[in-house]
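Shown here: start.txt, compact mmCIF, C-alpha atoms.
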```txt
# COMPACT_ATOMS: atom_id res chain seq x y z
CA MET E 844 4.92 24.86 177.90
CA SER E 845 8.08 26.98 177.79
CA ALA E 846 6.34 29.50 180.06
CA TYR E 847 6.93 27.17 183.03
CA PRO E 848 10.14 25.89 184.60
CA ARG E 849 11.00 22.48 183.25
CA LYS E 850 10.18 20.58 186.46
CA LEU E 851 6.78 22.27 186.73
CA ALA E 852 6.01 21.42 183.13
CA GLN E 853 6.94 17.81 183.87
CA LEU E 854 4.57 17.79 186.87
CA ILE E 855 1.74 19.16 184.73
CA GLU E 856 2.40 16.54 182.10
CA ALA E 857 2.50 13.78 184.75
CA LEU E 858 -0.80 14.89 186.32
CA ARG E 859 -2.52 14.48 182.98
CA CYS E 860 -2.37 10.70 183.34
CA LEU E 861 -5.29 10.99 185.79
CA PRO E 862 -8.73 10.25 184.30
CA GLY E 863 -10.64 13.36 183.28
CA VAL E 864 -7.65 15.68 183.78
CA GLY E 865 -6.76 17.84 180.81
CA PRO E 866 -4.00 20.45 180.46
CA LYS E 867 -5.99 23.13 182.27
CA SER E 868 -6.90 21.09 185.34
CA ALA E 869 -3.37 19.69 185.47
CA THR E 870 -1.92 23.22 185.50
CA ARG E 871 -4.27 24.25 188.30
CA MET E 872 -3.36 21.19 190.36
CA ALA E 873 0.35 21.71 189.81
CA PHE E 874 0.20 25.38 190.87
CA HIS E 875 -1.81 24.46 193.94
CA LEU E 876 0.73 21.83 194.97
CA VAL E 877 3.86 23.95 194.55
CA GLU E 878 2.42 27.31 195.64
CA ARG E 879 -0.01 26.57 198.44
CA ASP E 880 0.41 23.06 199.73
CA ARG E 881 3.99 21.83 199.66
CA ALA E 882 3.41 19.52 202.64
CA GLY E 883 0.42 17.96 200.90
CA ALA E 884 2.50 17.53 197.76
CA GLY E 885 5.14 15.69 199.79
CA ARG E 886 2.50 13.37 201.27
CA LEU E 887 1.03 12.77 197.80
CA ALA E 888 4.44 11.94 196.39
CA ALA E 889 5.22 9.54 199.24
CA ALA E 890 1.80 7.87 199.03
CA LEU E 891 2.08 7.45 195.27
CA THR E 892 5.53 5.89 195.51
CA ALA E 893 4.45 3.57 198.32
CA ALA E 894 1.25 2.51 196.55
CA VAL E 895 2.95 1.79 193.23
CA ALA E 896 5.67 -0.21 194.94
CA GLY E 897 3.51 -1.97 197.54
CA ILE E 898 0.20 -2.82 195.84
CA GLY E 899 0.00 -5.98 193.82
CA ARG E 900 -2.50 -8.69 193.05
CA CYS E 901 -3.76 -11.18 195.60
CA GLU E 902 -2.52 -14.67 194.80
CA ARG E 903 -5.88 -16.26 195.52
CA CYS E 904 -8.52 -13.85 194.24
CA ARG E 905 -6.54 -11.37 192.11
CA ASN E 906 -8.01 -8.42 194.01
CA LEU E 907 -5.65 -5.54 194.73
CA ALA E 908 -3.55 -6.46 197.75
CA GLU E 909 -0.67 -5.33 199.89
CA GLY E 910 1.42 -8.46 200.15
CA PRO E 911 0.64 -11.91 198.76
CA LEU E 912 -2.97 -12.08 200.06
CA CYS E 913 -5.69 -9.41 200.15
CA ALA E 914 -7.55 -8.64 203.40
CA GLY E 915 -10.55 -10.74 202.34
CA CYS E 916 -8.49 -13.84 201.57
CA ALA E 917 -6.31 -13.48 204.68
CA ASP E 918 -9.30 -13.15 207.03
CA PRO E 919 -9.84 -16.57 208.74
CA GLN E 920 -13.37 -15.60 209.83
CA ARG E 921 -14.75 -15.63 206.30
CA ASP E 922 -16.81 -18.47 204.86
CA ASP E 923 -14.75 -20.56 202.44
CA SER E 924 -17.80 -22.32 201.04
CA LEU E 925 -19.14 -19.17 199.34
CA LEU E 926 -17.21 -17.76 196.39
CA CYS E 927 -18.45 -14.59 194.74
CA VAL E 928 -17.14 -13.87 191.22
CA VAL E 929 -16.99 -10.21 190.14
CA GLU E 930 -15.47 -8.36 187.19
CA THR E 931 -13.36 -5.68 188.91
CA PRO E 932 -11.90 -4.75 192.32
CA ALA E 933 -14.39 -1.85 192.39
CA ASP E 934 -17.19 -4.45 192.38
CA VAL E 935 -15.67 -6.11 195.47
CA ALA E 936 -15.63 -2.74 197.21
CA ALA E 937 -19.26 -2.09 196.25
CA ILE E 938 -20.45 -5.46 197.57
CA GLU E 939 -18.38 -5.13 200.76
CA HIS E 940 -19.76 -1.66 201.36
CA ALA E 941 -23.41 -2.45 200.76
CA THR E 942 -23.96 -6.05 201.82
CA GLY E 943 -23.14 -8.27 204.74
CA PHE E 944 -21.50 -10.85 202.48
CA ARG E 945 -18.96 -12.88 204.49
CA GLY E 946 -17.72 -15.29 201.85
CA ARG E 947 -14.69 -15.09 199.57
CA TYR E 948 -14.24 -13.28 196.27
CA PHE E 949 -12.68 -13.99 192.92
CA VAL E 950 -11.93 -11.00 190.68
CA LEU E 951 -11.96 -11.75 186.93
CA MET E 952 -10.34 -8.43 185.94
CA GLY E 953 -12.69 -8.28 182.96
CA ARG E 954 -15.29 -10.44 181.26
CA LEU E 955 -15.48 -12.79 178.33
CA SER E 956 -15.62 -10.41 175.39
CA PRO E 957 -14.77 -12.18 172.14
CA LEU E 958 -15.13 -8.99 170.09
CA ASP E 959 -12.32 -7.48 172.16
CA GLY E 960 -10.33 -10.69 171.89
CA ILE E 961 -10.87 -11.76 175.52
CA GLY E 962 -11.55 -15.46 175.91
CA PRO E 963 -11.30 -17.91 178.83
CA GLU E 964 -7.47 -18.06 178.60
CA GLU E 965 -7.06 -14.28 178.66
CA LEU E 966 -9.25 -14.12 181.79
CA GLY E 967 -7.19 -16.80 183.51
CA LEU E 968 -10.21 -18.95 184.29
CA ASP E 969 -7.97 -21.96 184.86
CA ARG E 970 -7.17 -20.43 188.26
CA LEU E 971 -10.83 -20.24 189.14
CA ASP E 972 -11.24 -23.83 187.96
CA ALA E 973 -8.34 -24.89 190.20
CA ARG E 974 -10.01 -23.12 193.11
CA LEU E 975 -13.27 -24.99 192.46
CA ALA E 976 -11.34 -28.25 192.21
CA GLU E 977 -10.02 -27.77 195.77
CA GLY E 978 -13.46 -28.83 196.97
CA THR E 979 -14.06 -26.24 199.69
CA VAL E 980 -16.39 -24.05 197.59
CA GLN E 981 -20.04 -25.11 197.90
CA GLU E 982 -21.68 -22.23 196.07
CA LEU E 983 -20.34 -20.04 193.26
CA ILE E 984 -22.12 -16.67 193.25
CA LEU E 985 -22.01 -15.10 189.79
CA ALA E 986 -21.98 -11.34 190.24
CA THR E 987 -20.82 -10.27 186.76
CA ASN E 988 -22.52 -7.24 185.23
CA PRO E 989 -25.91 -7.74 183.53
CA THR E 990 -24.51 -6.95 180.07
CA VAL E 991 -24.47 -9.35 177.14
CA GLU E 992 -20.82 -10.16 177.82
CA GLY E 993 -21.36 -10.38 181.58
CA GLU E 994 -24.24 -12.82 181.06
CA ALA E 995 -22.17 -14.95 178.71
CA THR E 996 -19.39 -14.98 181.31
CA ALA E 997 -21.83 -16.01 184.04
CA HIS E 998 -23.16 -18.81 181.87
CA TYR E 999 -19.66 -20.05 181.13
CA LEU E 1000 -18.71 -19.99 184.83
CA ALA E 1001 -21.93 -21.80 185.71
CA GLN E 1002 -20.95 -24.62 183.36
CA LEU E 1003 -17.47 -24.63 184.89
CA ALA E 1004 -19.06 -24.98 188.34
CA HIS E 1005 -21.43 -27.75 187.23
CA ALA E 1006 -18.50 -29.69 185.79
CA ARG E 1007 -16.91 -29.54 189.26
CA GLY E 1008 -20.17 -30.40 191.05
CA VAL E 1009 -20.45 -26.93 192.60
CA GLN E 1010 -23.78 -25.11 192.82
CA ALA E 1011 -23.85 -21.86 190.83
CA THR E 1012 -26.19 -18.96 191.59
CA ARG E 1013 -26.74 -15.70 189.70
CA ILE E 1014 -27.43 -12.38 191.43
CA ALA E 1015 -30.96 -11.05 190.80
CA HIS E 1016 -31.68 -8.28 188.30
CA GLY E 1017 -34.59 -5.97 188.81
CA VAL E 1018 -36.14 -2.64 189.64
CA PRO E 1019 -33.87 -0.46 191.81
CA LEU E 1020 -35.11 0.17 195.35
CA GLY E 1021 -37.04 3.41 195.59
CA GLY E 1022 -37.44 3.42 191.81
CA GLU E 1023 -40.64 3.78 189.88
CA LEU E 1024 -41.70 1.18 187.36
CA GLU E 1025 -42.70 3.88 184.89
CA HIS E 1026 -39.12 5.11 184.58
CA VAL E 1027 -37.36 1.77 184.54
CA ASP E 1028 -36.03 0.72 181.13
CA GLY E 1029 -37.88 -2.06 179.36
CA GLY E 1030 -35.14 -4.66 179.60
CA THR E 1031 -34.79 -4.34 183.37
CA LEU E 1032 -38.56 -4.46 183.79
CA ALA E 1033 -38.83 -7.59 181.64
CA HIS E 1034 -36.10 -9.22 183.74
CA ALA E 1035 -37.78 -8.16 186.97
CA LEU E 1036 -41.07 -9.66 185.88
CA ALA E 1037 -39.47 -12.86 184.62
CA GLY E 1038 -37.53 -13.22 187.88
CA ARG E 1039 -40.51 -12.67 190.21
CA ARG E 1040 -40.85 -14.89 193.25
CA THR E 1041 -43.55 -15.98 195.65
CA VAL E 1042 -43.93 -13.96 198.83
CA MET S 1162 -27.22 16.44 159.51
CA SER S 1163 -29.58 13.57 160.17
CA PRO S 1164 -33.19 14.61 159.77
CA GLY S 1165 -34.83 12.02 161.98
CA LEU S 1166 -34.42 8.79 163.88
CA GLU S 1167 -33.48 5.67 162.02
CA PRO S 1168 -33.53 1.98 162.92
CA ALA S 1169 -30.24 0.64 164.23
CA TRP S 1170 -28.61 -2.19 166.17
CA VAL S 1171 -25.66 -1.97 168.52
CA LEU S 1172 -22.93 -4.33 167.35
CA HIS S 1173 -20.36 -3.54 170.01
CA THR S 1174 -19.75 -1.09 172.84
CA ARG S 1175 -16.56 0.00 174.49
CA PRO S 1176 -16.14 2.33 177.47
CA TYR S 1177 -14.78 5.74 176.54
CA ARG S 1178 -13.58 8.43 178.94
CA ASP S 1179 -15.31 8.45 182.34
CA THR S 1180 -18.93 8.14 181.38
CA SER S 1181 -19.14 7.76 177.60
CA LEU S 1182 -19.47 4.82 175.28
CA LEU S 1183 -17.98 4.13 171.88
CA LEU S 1184 -20.54 2.30 169.78
CA GLU S 1185 -20.42 0.35 166.58
CA LEU S 1186 -23.88 0.56 165.07
CA LEU S 1187 -25.57 -1.14 162.15
CA THR S 1188 -27.96 1.49 160.82
CA LEU S 1189 -30.54 1.38 158.06
CA THR S 1190 -29.38 4.29 155.91
CA ARG S 1191 -25.69 4.63 156.75
CA GLY S 1192 -24.66 1.02 157.24
CA ARG S 1193 -22.02 0.34 159.87
CA VAL S 1194 -21.23 3.51 161.77
CA GLY S 1195 -18.94 4.30 164.66
CA ALA S 1196 -20.54 6.68 167.16
CA VAL S 1197 -19.84 8.13 170.55
CA ALA S 1198 -22.64 8.24 173.14
CA ARG S 1199 -21.66 11.00 175.55
CA GLY S 1200 -22.55 10.40 179.18
CA ALA S 1201 -24.17 7.05 178.36
CA ARG S 1202 -22.50 5.31 181.31
CA GLY S 1203 -23.19 8.13 183.72
CA PRO S 1204 -25.60 7.82 186.65
CA ARG S 1205 -28.19 10.02 184.94
CA SER S 1206 -28.06 8.33 181.58
CA ARG S 1207 -31.46 7.52 180.16
CA SER S 1208 -30.16 5.25 177.44
CA ARG S 1209 -27.91 3.05 179.59
CA GLY S 1210 -30.19 0.03 179.51
CA TRP S 1211 -30.76 0.30 175.76
CA LEU S 1212 -27.33 0.72 174.26
CA ARG S 1213 -26.61 -2.96 174.25
CA PRO S 1214 -26.45 -5.63 171.56
CA PHE S 1215 -29.69 -7.34 170.44
CA GLN S 1216 -31.86 -4.33 171.35
CA PRO S 1217 -33.77 -2.82 168.41
CA LEU S 1218 -33.18 0.93 168.49
CA LEU S 1219 -34.16 4.17 166.87
CA VAL S 1220 -31.16 6.46 166.86
CA GLY S 1221 -30.33 10.00 165.86
CA LEU S 1222 -26.79 10.59 164.62
CA ALA S 1223 -25.01 13.88 164.02
CA GLY S 1224 -21.74 14.51 162.25
CA ARG S 1225 -20.05 12.96 159.27
CA GLY S 1226 -16.68 11.34 159.14
CA GLU S 1227 -15.14 8.56 161.16
CA LEU S 1228 -17.04 9.07 164.39
CA ALA S 1229 -20.62 10.29 164.60
CA THR S 1230 -22.26 11.58 167.76
CA LEU S 1231 -25.33 9.83 169.09
CA THR S 1232 -27.89 12.56 169.65
CA SER S 1233 -30.76 10.36 170.76
CA ALA S 1234 -31.59 6.72 171.18
CA GLU S 1235 -34.78 4.98 172.11
CA ALA S 1236 -35.93 1.39 172.16
CA ALA S 1237 -37.89 0.25 169.11
CA GLY S 1238 -39.35 -2.87 170.65
CA ALA S 1239 -38.38 -5.50 173.15
CA ALA S 1240 -34.78 -6.68 173.29
CA PHE S 1241 -33.80 -10.22 172.43
CA TRP S 1242 -32.59 -11.95 175.57
CA LEU S 1243 -30.03 -14.49 174.58
CA ALA S 1244 -28.38 -16.65 177.22
CA GLY S 1245 -25.14 -18.55 177.23
CA GLU S 1246 -24.23 -20.13 173.92
CA ARG S 1247 -27.09 -18.30 172.19
CA ALA S 1248 -25.54 -15.02 173.27
CA VAL S 1249 -22.22 -16.17 171.87
CA ALA S 1250 -23.97 -17.04 168.60
CA GLY S 1251 -25.52 -13.56 168.58
CA LEU S 1252 -22.12 -12.02 169.18
CA TYR S 1253 -20.86 -14.15 166.30
CA LEU S 1254 -23.30 -12.34 163.98
CA ASN S 1255 -22.03 -9.05 165.36
CA GLU S 1256 -18.41 -10.04 164.87
CA LEU S 1257 -19.06 -10.97 161.23
CA LEU S 1258 -20.78 -7.64 160.61
CA LEU S 1259 -17.98 -5.75 162.36
CA LYS S 1260 -15.21 -7.46 160.47
CA LEU S 1261 -16.77 -7.83 157.04
CA LEU S 1262 -18.92 -4.73 156.52
CA ALA S 1263 -17.13 -1.56 155.55
CA ARG S 1264 -18.14 1.59 157.36
CA ASP S 1265 -20.72 3.85 155.71
CA ASP S 1266 -21.82 1.21 153.22
CA PRO S 1267 -25.60 0.97 153.63
CA GLN S 1268 -27.03 -2.56 153.44
CA PRO S 1269 -30.69 -1.99 154.33
CA LEU S 1270 -31.78 -5.56 153.55
CA LEU S 1271 -29.25 -6.95 155.99
CA LEU S 1272 -31.10 -5.47 158.98
CA GLY S 1273 -34.09 -7.67 158.26
CA HIS S 1274 -31.93 -10.78 157.92
CA TYR S 1275 -30.14 -9.85 161.14
CA ARG S 1276 -33.44 -9.58 162.99
CA ALA S 1277 -34.61 -12.89 161.56
CA ALA S 1278 -31.44 -14.58 162.84
CA LEU S 1279 -31.93 -13.04 166.30
CA VAL S 1280 -35.54 -14.23 166.35
CA ALA S 1281 -34.32 -17.75 165.62
CA LEU S 1282 -31.68 -17.46 168.36
CA ALA S 1283 -34.29 -16.39 170.89
CA GLU S 1284 -36.54 -19.36 170.09
CA PRO S 1285 -36.02 -22.79 171.61
CA ALA S 1286 -35.55 -24.53 168.23
CA ASP S 1287 -32.09 -25.18 166.78
CA PRO S 1288 -30.80 -21.79 165.55
CA GLU S 1289 -28.19 -23.25 163.17
CA PRO S 1290 -30.23 -23.09 159.94
CA ALA S 1291 -30.97 -19.41 160.59
CA LEU S 1292 -27.25 -18.72 161.14
CA ARG S 1293 -26.41 -20.37 157.80
CA VAL S 1294 -29.10 -18.32 156.02
CA PHE S 1295 -27.74 -15.14 157.61
CA GLU S 1296 -24.20 -16.00 156.55
CA CYS S 1297 -25.36 -16.51 152.95
CA GLU S 1298 -27.27 -13.21 152.98
CA LEU S 1299 -24.25 -11.42 154.42
CA LEU S 1300 -21.99 -12.92 151.74
CA THR S 1301 -24.50 -11.82 149.09
CA ALA S 1302 -24.53 -8.29 150.48
CA LEU S 1303 -20.74 -8.23 150.35
CA GLY S 1304 -20.72 -9.30 146.71
CA TYR S 1305 -19.47 -12.80 147.51
CA ALA S 1306 -22.75 -14.58 146.96
CA PRO S 1307 -22.13 -18.32 146.78
CA ALA S 1308 -22.83 -19.76 143.34
CA LEU S 1309 -25.76 -22.01 144.13
CA ALA S 1310 -27.48 -22.46 140.79
CA VAL S 1311 -24.95 -23.80 138.28
CA ASP S 1312 -21.62 -25.57 138.49
CA THR S 1313 -18.34 -24.36 136.96
CA ASP S 1314 -19.34 -25.87 133.59
CA GLY S 1315 -22.60 -23.90 133.58
CA GLU S 1316 -24.72 -27.01 134.18
CA PRO S 1317 -27.59 -26.87 136.71
CA LEU S 1318 -26.70 -28.44 140.06
CA GLN S 1319 -27.94 -32.00 140.61
CA ALA S 1320 -29.19 -33.00 144.05
CA ASP S 1321 -27.52 -36.43 144.06
CA ALA S 1322 -24.18 -35.39 142.56
CA ARG S 1323 -21.01 -34.61 144.54
CA TYR S 1324 -19.35 -31.26 144.13
CA HIS S 1325 -16.07 -29.65 145.08
CA TYR S 1326 -16.60 -26.03 146.10
CA ARG S 1327 -13.86 -23.44 146.07
CA PRO S 1328 -14.57 -19.88 147.26
CA ASP S 1329 -12.87 -18.33 144.25
CA ALA S 1330 -14.29 -20.70 141.62
CA GLY S 1331 -17.63 -22.17 142.66
CA ALA S 1332 -18.97 -25.72 142.56
CA ARG S 1333 -17.15 -28.20 140.31
CA ARG S 1334 -18.83 -31.52 139.74
CA LEU S 1335 -16.84 -34.52 140.94
CA PRO S 1336 -17.14 -37.34 138.43
CA GLY S 1337 -18.02 -40.73 139.88
CA LEU S 1338 -15.89 -41.74 142.81
CA ALA S 1339 -13.11 -39.22 142.10
CA GLU S 1340 -11.15 -37.95 145.06
CA ALA S 1341 -11.71 -34.29 145.88
CA PRO S 1342 -8.59 -32.18 145.32
CA ALA S 1343 -6.99 -30.46 148.31
CA GLY S 1344 -8.46 -27.13 149.44
CA GLY S 1345 -12.10 -26.18 149.11
CA VAL S 1346 -15.09 -28.11 150.41
CA GLU S 1347 -16.57 -31.37 149.19
CA LEU S 1348 -20.34 -31.50 149.48
CA SER S 1349 -23.52 -32.80 147.91
CA GLY S 1350 -25.67 -31.01 145.39
CA ARG S 1351 -28.56 -31.39 147.82
CA THR S 1352 -26.89 -29.05 150.31
CA LEU S 1353 -26.17 -26.42 147.66
CA LEU S 1354 -29.76 -26.57 146.40
CA ALA S 1355 -31.14 -26.37 149.95
CA LEU S 1356 -29.10 -23.22 150.60
CA ALA S 1357 -30.13 -21.80 147.22
CA ALA S 1358 -33.81 -22.21 148.12
CA GLY S 1359 -33.33 -19.60 150.84
CA ALA S 1360 -34.66 -18.84 154.26
CA GLU S 1361 -38.16 -20.32 153.98
CA SER S 1362 -37.13 -23.82 153.03
CA PHE S 1363 -33.86 -23.99 154.97
CA THR S 1364 -35.57 -24.30 158.33
CA CYS S 1365 -35.10 -27.93 159.33
CA PRO S 1366 -32.56 -29.64 157.09
CA ASP S 1367 -31.15 -33.02 158.05
CA ARG S 1368 -27.87 -33.30 159.95
CA ASP S 1369 -25.67 -34.02 156.94
CA THR S 1370 -27.02 -31.06 154.99
CA LEU S 1371 -26.55 -28.81 158.00
CA ARG S 1372 -23.00 -30.00 158.57
CA GLU S 1373 -22.07 -29.53 154.92
CA ALA S 1374 -23.71 -26.12 154.83
CA ARG S 1375 -21.72 -25.08 157.88
CA THR S 1376 -18.45 -26.22 156.32
CA LEU S 1377 -19.30 -24.34 153.14
CA THR S 1378 -20.32 -21.01 154.70
CA ARG S 1379 -17.37 -21.21 157.10
CA SER S 1380 -14.89 -21.61 154.27
CA LEU S 1381 -16.53 -18.76 152.32
CA ILE S 1382 -16.47 -16.47 155.35
CA ASP S 1383 -12.88 -17.39 156.17
CA HIS S 1384 -12.04 -16.57 152.56
CA CYS S 1385 -13.60 -13.10 153.00
CA LEU S 1386 -11.82 -12.59 156.33
CA GLY S 1387 -8.49 -13.35 154.74
CA GLY S 1388 -6.97 -15.13 157.71
CA ARG S 1389 -8.33 -12.99 160.53
CA PRO S 1390 -9.57 -15.24 163.35
CA VAL S 1391 -13.21 -15.36 164.45
CA ARG S 1392 -12.99 -14.99 168.22
CA THR S 1393 -16.64 -15.83 168.92
CA ARG S 1394 -16.11 -19.21 167.22
CA GLU S 1395 -13.24 -19.92 169.62
CA LEU S 1396 -15.45 -18.98 172.57
CA ALA S 1397 -18.27 -21.19 171.29
CA ARG S 1398 -15.75 -24.03 171.09
CA ALA S 1399 -14.70 -23.34 174.69
CA PHE S 1400 -18.37 -23.50 175.72
CA ARG S 1401 -18.80 -26.84 173.99
CA SER S 1402 -15.61 -28.28 175.46
CA LEU S 1403 -16.98 -27.72 178.96
CA ALA S 1404 -19.31 -30.50 177.79
CA ALA S 1405 -22.21 -29.62 180.03
CA PRO S 1406 -25.37 -31.44 179.00
CA ALA S 1407 -27.47 -28.26 179.35
CA GLY S 1408 -27.59 -26.60 175.93
CA GLY S 1409 -28.02 -22.83 175.80
CA LYS S 1410 -31.60 -22.22 176.75
CA PRO S 1411 -33.00 -18.81 175.87
CA ALA S 1412 -33.96 -16.70 178.86
```
Structure translated into structure tokens:
Amino acid sequence: MSAYPRKLAQLIEALRCLPGVGPKSATRMAFHLVERDRAGAGRLAAALTAAVAGIGRCERCRNLAEGPLCAGCADPQRDDSLLCVVETPADVAAIEHATGFRGRYFVLMGRLSPLDGIGPEELGLDRLDARLAEGTVQELILATNPTVEGEATAHYLAQLAHARGVQATRIAHGVPLGGELEHVDGGTLAHALAGRRTV
Amino acid sequence: MSPGLEPAWVLHTRPYRDTSLLLELLTLTRGRVGAVARGARGPRSRSRGWLRPFQPLLVGLAGRGELATLTSAEAAGAAFWLAGERAVAGLYLNELLLKLLARDDPQPLLLGHYRAALVALAEPADPEPALRVFECELLTALGYAPALAVDTDGEPLQADARYHYRPDAGARRLPGLAEAPAGGVELSGRTLLALAAGAESFTCPDRDTLREARTLTRSLIDHCLGGRPVRTRELARAFRSLAAPAGGKPA
């Protein structure tokens, strides 16, 4: 790294914290920023500083938020009786993007995964329980991933909801739209067949 | 290095890099193996739905050393769909295998016992006897087989006698109404003999036998773990403390 000025070497090293960026990509990015696009580099630096300082967790749903509440929780138009539980903020974005869901969210920031040492306390499920105890939620939509751990989490949350007298529903699993049965893996197909419904 | 595909089970997966998975596998010929499945989480992955616990697999592995590379994986039959507490019980089996089995120590018989336990978990009947049988088989594979034939004096076990079992010593007969010393497990000869009779006969023991068997295998496994906690047990306890009347029904 002695071939570069110290500050450039530091920039290259800093860029390597990005996922999928190794020394070579980091060098290319650093050269681009200082040689060709100094204005862009300034905007990037300002945006990074602002984001790190200004983005926190929503107090109600633990989604990423600017300020105490995220946009979804602050919106008075949304339906308080529907609460959709997801594993990550990316899942919220996916549901928002693809569906017309107008209820509230709760982000677990993970899933029950005993083999990784993550139990109900580590997930902070007492906060979800407190939310259910408020009495406004009528239906808890369990949108955790269809993995073994995600299913166990959904089952646990369903019991939590039943204990509070709240209806719990699980999102459907099945064949992707536009897919062909022949190429769908066996587990998904078995689930799709087991979860069939009358038309 | 590996000539063909071999039977395997996924014990645990962990995301690795952008699209890869780190796997802990229980394989037939190599025992517990760590492997990386490159691109397994990517949008074009063909094995995404299969690389999950409780799915019988045929895998190809390349490379020796700490981390093998998964070269191919295909399903070798239908997966076991375990829901709720049954899934936690299945993960309990996986946790025991992860924590107690050394890497690259083949235990081919254990795969059959593992499958038998999963079959029991997927059926509506009480899976507890099958879990106890699996625990005993695992302990046997590890070289910590419980002494279930004779007591510490070399006498055959008697069904209606009381015994005091210590993981490092075995079953010592308690004379008459003597108090059991601290440490170890107090249990009846009937329980020890029922466990000794093995999988076929240990299918529907009475409640007392089952409770004693659980205490015994738990103390033996804790002895092997040397103080490391069993996290799936804690989760199972959390499930029970929610006290919902609906027991874990298999999907």
Requested in this report: For CA of Asp969 in chain E and CA of Pro919 in chain E, quote the distance in Å rounded to one decimal.
Outcome: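 If I compute the distance from CA of Asp969 in chain E to CA of Pro919 in chain E, I get 24.6 Å.
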Query - Residue with smallest distance to Leu1258 in chain S - pool S:Glu1185, S:Glu1235, S:Glu1316, S:Glu1289, counting all atoms listed in the file - result: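 Closest to Leu1258 in chain S of all the choices is S:Glu1185.
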Write out as JSON lines the residues of chain E that have any atom within 9 Å of an atom of chain S, one row each with the nearest atom pair and its distance in Å to one decimal, counting all atoms listed in the file, sorted by chain and then rising number.
```
{"residue": "E:Pro862", "atom": "CA", "partner": "S:Asp1179", "partner_atom": "CA", "distance": 7.1}
{"residue": "E:Gly863", "atom": "CA", "partner": "S:Asp1179", "partner_atom": "CA", "distance": 6.8}
{"residue": "E:Leu955", "atom": "CA", "partner": "S:Leu1396", "partner_atom": "CA", "distance": 8.5}
{"residue": "E:Ser956", "atom": "CA", "partner": "S:Thr1393", "partner_atom": "CA", "distance": 8.5}
{"residue": "E:Pro957", "atom": "CA", "partner": "S:Arg1392", "partner_atom": "CA", "distance": 5.1}
{"residue": "E:Leu958", "atom": "CA", "partner": "S:Glu1256", "partner_atom": "CA", "distance": 6.3}
{"residue": "E:Asp959", "atom": "CA", "partner": "S:Arg1392", "partner_atom": "CA", "distance": 8.5}
{"residue": "E:Gly960", "atom": "CA", "partner": "S:Arg1392", "partner_atom": "CA", "distance": 6.2}
{"residue": "E:Ile961", "atom": "CA", "partner": "S:Arg1392", "partner_atom": "CA", "distance": 8.3}
{"residue": "E:Gly962", "atom": "CA", "partner": "S:Leu1396", "partner_atom": "CA", "distance": 6.2}
{"residue": "E:Pro963", "atom": "CA", "partner": "S:Leu1396", "partner_atom": "CA", "distance": 7.6}
{"residue": "E:Thr990", "atom": "CA", "partner": "S:Arg1213", "partner_atom": "CA", "distance": 7.4}
{"residue": "E:Val991", "atom": "CA", "partner": "S:Ala1248", "partner_atom": "CA", "distance": 6.9}
{"residue": "E:Glu992", "atom": "CA", "partner": "S:Ala1248", "partner_atom": "CA", "distance": 8.2}
{"residue": "E:Glu994", "atom": "CA", "partner": "S:Ala1244", "partner_atom": "CA", "distance": 6.8}
{"residue": "E:Ala995", "atom": "CA", "partner": "S:Gly1245", "partner_atom": "CA", "distance": 4.9}
{"residue": "E:Thr996", "atom": "CA", "partner": "S:Gly1245", "partner_atom": "CA", "distance": 7.9}
{"residue": "E:Ala997", "atom": "CA", "partner": "S:Gly1245", "partner_atom": "CA", "distance": 8.0}
{"residue": "E:His998", "atom": "CA", "partner": "S:Gly1245", "partner_atom": "CA", "distance": 5.1}
{"residue": "E:Tyr999", "atom": "CA", "partner": "S:Phe1400", "partner_atom": "CA", "distance": 6.5}
{"residue": "E:Gln1002", "atom": "CA", "partner": "S:Ala1405", "partner_atom": "CA", "distance": 6.1}
{"residue": "E:Leu1003", "atom": "CA", "partner": "S:Leu1403", "partner_atom": "CA", "distance": 6.7}
{"residue": "E:His1005", "atom": "CA", "partner": "S:Ala1405", "partner_atom": "CA", "distance": 7.5}
{"residue": "E:Ala1006", "atom": "CA", "partner": "S:Ala1405", "partner_atom": "CA", "distance": 6.9}
{"residue": "E:Val1027", "atom": "CA", "partner": "S:Gly1210", "partner_atom": "CA", "distance": 8.9}
{"residue": "E:Asp1028", "atom": "CA", "partner": "S:Gly1210", "partner_atom": "CA", "distance": 6.1}
{"residue": "E:Gly1029", "atom": "CA", "partner": "S:Ala1239", "partner_atom": "CA", "distance": 7.1}
{"residue": "E:Gly1030", "atom": "CA", "partner": "S:Ala1240", "partner_atom": "CA", "distance": 6.6}
{"residue": "E:Thr1031", "atom": "CA", "partner": "S:Gly1210", "partner_atom": "CA", "distance": 7.4}
{"residue": "E:Ala1033", "atom": "CA", "partner": "S:Ala1239", "partner_atom": "CA", "distance": 8.8}
{"residue": "E:Ala1037", "atom": "CA", "partner": "S:Ala1412", "partner_atom": "CA", "distance": 8.8}
```
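Each of E:Leu926, E:Ala846, E:Asn988, E:Leu951 was checked against Thr1012 in chain E using all atoms listed in the file; the smallest atom-to-atom distance is that of E:Leu926.
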Report task. Would you list the contacts of Leu985 in chain E as a list in words, taking every protein, DNA or RNA residue within 8 Å and counting only C-alpha atoms, but skipping same-chain residues closer than 3 positions in sequence? Result ->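 After dropping sequence-adjacent residues, the list is Cys927, Val928, Val929, Ala997, Leu1000, Ala1001, Ala1011, Thr1012, Arg1013 and Ile1014 of chain E.
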Requested in this report: Figure out the distance between CA of Ala1198 in chain S and CA of Arg954 in chain E, please, to one decimal in Å.
Outcome: 21.7 Å
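Among E:Ala917, E:Gly1008, E:Gly953, E:Glu939, the residue with the shortest atom-to-atom distance to Glu965 in chain E, counting only C-alpha atoms, is E:Gly953.
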